[in-house]
Amino acid sequence: ILDSPYVPLKFEPHLATVGDTKVRITNVGLRTLVEILARCRTARYLHWILDESQITSYGELRSFWNRQLLSDLLPAGCRVAATVYTQKSRMDHRVGLLKSVREALQEADLLATSEADFDVGLSLSFDQDICQLRLNPTHQELFRRNYKRCHTAVAPLGEHIAAGLIQYLQRIYPPTAHQTYTLYIPFAGSGTLGWEALLLDRGISNLAFVNSTGLEHWQVDAQPTVQHVEKSLAANAPYQIGQLVFADIDPQQVNSLDATWQSWQQQLQGPWPQCQIESQDFWHWEPELSQGPLTVLLNPPFDHRLPTIAAPQETYQRIWKRLDYLASRTPCRGVCLIPAEIPTQLPGHWQHQSLALRSGGKSLSAIFFNIIK
């Protein structure tokens, strides 16, 4: 995003990795922040750090708070919900800290009367006596896209994880330029892998399905930037998914997928690919060869999603054989999620890579494959 911004950079951003799970970007203008919100699909959270300082007493906290100029950013009457996080800090009395913050917000006429009904989220984070004042630019976590309807899946894959898997697949095994392909999602569940692939392929913003982002409550009007980024995303999208096929043997999931697809078509303009939502299993599906190469995104049932599975290793060997058969019909690439403890024995003629990840408290392996016979 920073290498190819749609909004001209006002400053030169600096990007650094903090630990294993955080990326910190400094020297960022407001319009760049809004663009990151709309385009960054792989982050779980995005926080805007307004200020940070070493704080070891309530007196220092009061001085820290008094120097904030929230009124320059948020209008009077804006309803702010406050949270406090502490880790290895001498300021470890969360209840007292939260009370202090809420009193300060109330004095500034910014306190939300209900934690469930607010305009902007604000948090104080204490880590080893370093206090950060963070603004959450949206109402909820960045990975919650709000595009699903009649949600019924058990333990769905996080949207940000699905987006990361798809972007990595596009990087290591990219589709042929200007060629359409069939995107097949067996074991579809609520369809997260398919919807995220469609967001990327059609250049749809993260904010497209969010009724209220929180940005409308800033003093600075962010909407023109959002609109510019959304138009640029659509203009630069690849539009290579020619056919989209969801399959699940659970009729309830099929109905849920159909409701989500209808919602997409009502809320957003196309053009859309052909979409089939089928109640059938992976073992009997046949691709339409006229629709080009095949991309398969698999998140097969395991553990609590299918506790009765008797021989999981045999199940995955069966999946590899089925993929090999599909590749005998048309070039086939994709990704399959499997429990980390399952040995991976892929056919020798496959191109493949693997990545370790965690989802829902479970260690998984993502197996990326490219099969050309």
# chains A, B, ... in the order shown; residues from 1 in each chain; ligands from 1

$ residues_around --residues "Thr83 in chain A" --least-positions-apart "6" --cutoff "7 Å" --atoms "only C-alpha atoms" --output "list of chain:residue names"
A:Leu98, A:Leu122, A:Ser123, A:Leu124

$ write_last_selection --atoms "N, CA, C and O atoms" --output "mmCIF file, in the first residue's frame"
data_model
loop_
_atom_site.group_PDB
_atom_site.id
_atom_site.type_symbol
_atom_site.label_atom_id
_atom_site.label_comp_id
_atom_site.auth_asym_id
_atom_site.auth_seq_id
_atom_site.Cartn_x
_atom_site.Cartn_y
_atom_site.Cartn_z
ATOM 1 N N LEU A 98 -9.438 3.074 34.285
ATOM 2 C CA LEU A 98 -10.610 3.270 33.434
ATOM 3 C C LEU A 98 -11.512 4.371 33.995
ATOM 4 O O LEU A 98 -12.038 5.198 33.232
ATOM 5 N N LEU A 122 -11.628 4.662 21.986
ATOM 6 C CA LEU A 122 -10.351 5.200 22.465
ATOM 7 C C LEU A 122 -9.799 4.237 23.508
ATOM 8 O O LEU A 122 -10.550 3.714 24.327
ATOM 9 N N SER A 123 -8.492 3.980 23.472
ATOM 10 C CA SER A 123 -7.918 3.057 24.454
ATOM 11 C C SER A 123 -6.597 3.599 24.985
ATOM 12 O O SER A 123 -5.856 4.288 24.280
ATOM 13 N N LEU A 124 -6.354 3.282 26.265
ATOM 14 C CA LEU A 124 -5.057 3.518 26.878
ATOM 15 C C LEU A 124 -4.382 2.169 27.057
ATOM 16 O O LEU A 124 -4.961 1.252 27.654
#

$ closest_atom_pairs --of "range 135-186 of chain A" --to "range 326-334 of chain A" --cutoff "9 Å" --atoms "only C-alpha atoms" --output "Markdown table"
| residue | atom | partner | partner_atom | distance |
| --- | --- | --- | --- | --- |
| A:Ile166 | CA | A:Gly334 | CA | 8.5 |
| A:Leu169 | CA | A:Gly334 | CA | 6.9 |
| A:Tyr173 | CA | A:Arg333 | CA | 7.4 |
| A:Pro175 | CA | A:Arg333 | CA | 8.8 |

$ write_last_selection --atoms "N, CA, C and O atoms" --output "JSON list (two decimals), in the first residue's frame"
[["chain", "number", "residue", "atom", "x", "y", "z"],
["A", 166, "ILE", "N", -4.92, -15.88, 0.49],
["A", 166, "ILE", "CA", -5.19, -15.63, -0.93],
["A", 166, "ILE", "C", -4.11, -14.73, -1.53],
["A", 166, "ILE", "O", -3.62, -14.98, -2.64],
["A", 169, "LEU", "N", -1.00, -16.79, -2.06],
["A", 169, "LEU", "CA", -1.16, -17.67, -3.22],
["A", 169, "LEU", "C", -0.98, -16.89, -4.52],
["A", 169, "LEU", "O", -0.29, -17.36, -5.44],
["A", 173, "TYR", "N", 2.07, -18.28, -6.83],
["A", 173, "TYR", "CA", 1.57, -18.99, -8.01],
["A", 173, "TYR", "C", 0.53, -18.10, -8.70],
["A", 173, "TYR", "O", -0.68, -18.38, -8.69],
["A", 175, "PRO", "N", -1.96, -16.25, -11.31],
["A", 175, "PRO", "CA", -2.67, -16.71, -12.50],
["A", 175, "PRO", "C", -2.08, -16.05, -13.75],
["A", 175, "PRO", "O", -1.44, -15.00, -13.67]]

$ closest_atom_pairs --of "range 110-195 of chain A" --to "range 226-241 of chain A" --cutoff "12 Å" --atoms "only C-alpha atoms" --output "CSV"
residue,atom,partner,partner_atom,distance
A:Gln170,CA,A:Pro238,CA,11.3
A:Pro174,CA,A:Gln240,CA,11.1
A:Pro175,CA,A:Gln240,CA,8.4
A:Thr176,CA,A:Gln240,CA,9.2
A:Ala177,CA,A:Gln240,CA,8.4
A:His178,CA,A:Gln240,CA,6.8
A:Gln179,CA,A:Gln240,CA,6.2
A:Thr180,CA,A:Gln240,CA,4.3
A:Tyr181,CA,A:Ile241,CA,5.3
A:Thr182,CA,A:Ile241,CA,6.1
A:Leu183,CA,A:Ile241,CA,6.5
A:Tyr184,CA,A:Ile241,CA,10.1
A:Gly194,CA,A:Ile241,CA,10.5
A:Trp195,CA,A:Ile241,CA,11.6

$ atom_distance --atom1 "CA of Ala82 in chain A" --atom2 "CA of Ala43 in chain A"
21.6 Å

$ residues_around --residues "Pro13 in chain A" --least-positions-apart "6" --cutoff "12 Å" --atoms "only C-alpha atoms" --output "count of residues only"
13

$ select_by_dssp --residues "range 128-326 of chain A" --states "alpha helix (DSSP H)" --output "JSON, numbers by chain"
{"A": [159, 160, 161, 162, 163, 164, 165, 166, 167, 168, 169, 170, 171, 172, 192, 193, 194, 195, 196, 197, 198, 199, 200, 201, 202, 223, 224, 225, 226, 227, 228, 229, 230, 231, 232, 233, 234, 235, 251, 252, 253, 254, 255, 256, 257, 258, 259, 260, 261, 262, 263, 264, 265, 266, 267, 312, 313, 314, 315, 316, 317, 318, 319, 320, 321, 322, 323, 324, 325, 326]}

$ decode --residues "range 124-140 of chain A" --atoms "all heavy atoms" --output "compact mmCIF listing (two decimals), in the first residue's frame"
# COMPACT_ATOMS: atom_id res chain seq x y z
N LEU A 124 -6.35 3.28 26.26
CA LEU A 124 -5.06 3.52 26.88
C LEU A 124 -4.38 2.17 27.06
O LEU A 124 -4.96 1.25 27.65
CB LEU A 124 -5.20 4.19 28.24
CG LEU A 124 -5.34 5.72 28.29
CD1 LEU A 124 -5.43 6.17 29.73
CD2 LEU A 124 -4.19 6.41 27.59
N SER A 125 -3.18 2.03 26.54
CA SER A 125 -2.44 0.77 26.65
C SER A 125 -1.16 1.01 27.44
O SER A 125 -0.34 1.85 27.07
CB SER A 125 -2.11 0.25 25.25
OG SER A 125 -1.31 -0.90 25.32
N PHE A 126 -1.00 0.27 28.54
CA PHE A 126 0.20 0.37 29.37
C PHE A 126 1.02 -0.90 29.21
O PHE A 126 0.55 -1.99 29.50
CB PHE A 126 -0.18 0.54 30.85
CG PHE A 126 -0.85 1.84 31.17
CD1 PHE A 126 -2.22 2.00 30.99
CD2 PHE A 126 -0.11 2.92 31.64
CE1 PHE A 126 -2.84 3.19 31.29
CE2 PHE A 126 -0.73 4.13 31.94
CZ PHE A 126 -2.10 4.26 31.77
N ASP A 127 2.23 -0.76 28.71
CA ASP A 127 3.14 -1.88 28.54
C ASP A 127 4.49 -1.49 29.10
O ASP A 127 5.19 -0.64 28.54
CB ASP A 127 3.25 -2.25 27.06
CG ASP A 127 4.02 -3.56 26.84
OD1 ASP A 127 4.60 -4.08 27.82
OD2 ASP A 127 4.03 -4.05 25.71
N GLN A 128 4.84 -2.08 30.26
CA GLN A 128 6.10 -1.77 30.94
C GLN A 128 6.26 -0.27 31.15
O GLN A 128 7.29 0.33 30.84
CB GLN A 128 7.28 -2.35 30.15
CG GLN A 128 7.24 -3.86 30.04
CD GLN A 128 8.44 -4.45 29.34
OE1 GLN A 128 9.29 -3.73 28.83
NE2 GLN A 128 8.52 -5.77 29.30
N ASP A 129 5.18 0.36 31.67
CA ASP A 129 5.14 1.77 32.05
C ASP A 129 5.11 2.74 30.86
O ASP A 129 5.10 3.95 31.06
CB ASP A 129 6.32 2.14 32.96
CG ASP A 129 6.27 1.42 34.30
OD1 ASP A 129 5.16 1.00 34.70
OD2 ASP A 129 7.32 1.25 34.93
N ILE A 130 5.10 2.23 29.64
CA ILE A 130 4.92 3.09 28.47
C ILE A 130 3.44 3.11 28.14
O ILE A 130 2.83 2.08 27.87
CB ILE A 130 5.73 2.60 27.27
CG1 ILE A 130 7.21 2.60 27.59
CG2 ILE A 130 5.46 3.49 26.05
CD1 ILE A 130 7.79 3.96 27.94
N CYS A 131 2.87 4.31 28.19
CA CYS A 131 1.44 4.47 27.95
C CYS A 131 1.23 4.99 26.53
O CYS A 131 1.87 5.95 26.10
CB CYS A 131 0.84 5.44 28.95
SG CYS A 131 -0.90 5.83 28.62
N GLN A 132 0.34 4.33 25.81
CA GLN A 132 -0.06 4.79 24.48
C GLN A 132 -1.54 5.16 24.51
O GLN A 132 -2.37 4.42 25.03
CB GLN A 132 0.15 3.70 23.43
CG GLN A 132 1.59 3.39 23.11
CD GLN A 132 1.72 2.32 22.02
OE1 GLN A 132 0.76 1.61 21.71
NE2 GLN A 132 2.91 2.21 21.45
N LEU A 133 -1.85 6.31 23.95
CA LEU A 133 -3.24 6.71 23.73
C LEU A 133 -3.58 6.37 22.29
O LEU A 133 -2.98 6.90 21.35
CB LEU A 133 -3.41 8.21 23.98
CG LEU A 133 -4.83 8.75 23.76
CD1 LEU A 133 -5.82 8.13 24.74
CD2 LEU A 133 -4.85 10.27 23.86
N ARG A 134 -4.54 5.46 22.11
CA ARG A 134 -4.86 4.95 20.78
C ARG A 134 -6.30 5.27 20.41
O ARG A 134 -7.21 5.14 21.23
CB ARG A 134 -4.68 3.42 20.73
CG ARG A 134 -3.30 2.92 21.08
CD ARG A 134 -3.33 1.41 21.15
NE ARG A 134 -2.02 0.82 21.41
CZ ARG A 134 -1.82 -0.47 21.63
NH1 ARG A 134 -2.85 -1.30 21.62
NH2 ARG A 134 -0.61 -0.93 21.86
N LEU A 135 -6.47 5.67 19.18
CA LEU A 135 -7.80 5.86 18.63
C LEU A 135 -8.09 4.71 17.67
O LEU A 135 -7.28 4.40 16.80
CB LEU A 135 -7.88 7.19 17.87
CG LEU A 135 -9.25 7.53 17.26
CD1 LEU A 135 -10.26 7.86 18.34
CD2 LEU A 135 -9.12 8.70 16.29
N ASN A 136 -9.23 4.06 17.87
CA ASN A 136 -9.67 3.03 16.94
C ASN A 136 -10.49 3.71 15.86
O ASN A 136 -11.61 4.16 16.13
CB ASN A 136 -10.50 1.97 17.67
CG ASN A 136 -10.92 0.84 16.76
OD1 ASN A 136 -10.61 0.84 15.58
ND2 ASN A 136 -11.63 -0.13 17.32
N PRO A 137 -9.98 3.83 14.63
CA PRO A 137 -10.68 4.61 13.62
C PRO A 137 -12.02 4.03 13.19
O PRO A 137 -12.82 4.73 12.58
CB PRO A 137 -9.70 4.62 12.44
CG PRO A 137 -8.37 4.26 13.02
CD PRO A 137 -8.68 3.34 14.16
N THR A 138 -12.27 2.76 13.45
CA THR A 138 -13.54 2.16 13.08
C THR A 138 -14.22 1.61 14.32
O THR A 138 -13.61 1.45 15.38
CB THR A 138 -13.35 1.02 12.07
OG1 THR A 138 -12.49 0.04 12.62
CG2 THR A 138 -12.74 1.55 10.78
N HIS A 139 -15.50 1.29 14.19
CA HIS A 139 -16.28 0.82 15.33
C HIS A 139 -15.85 -0.54 15.84
O HIS A 139 -16.06 -0.89 16.99
CB HIS A 139 -17.76 0.74 14.93
CG HIS A 139 -18.46 2.06 15.00
ND1 HIS A 139 -19.57 2.34 14.26
CD2 HIS A 139 -18.19 3.18 15.71
CE1 HIS A 139 -19.97 3.58 14.52
NE2 HIS A 139 -19.14 4.10 15.38
N GLN A 140 -15.27 -1.35 14.97
CA GLN A 140 -14.98 -2.72 15.34
C GLN A 140 -13.66 -3.14 14.72
O GLN A 140 -12.99 -2.36 14.06
CB GLN A 140 -16.10 -3.64 14.86
CG GLN A 140 -16.35 -3.54 13.35
CD GLN A 140 -17.64 -4.22 12.94
OE1 GLN A 140 -18.49 -4.52 13.76
NE2 GLN A 140 -17.79 -4.47 11.65
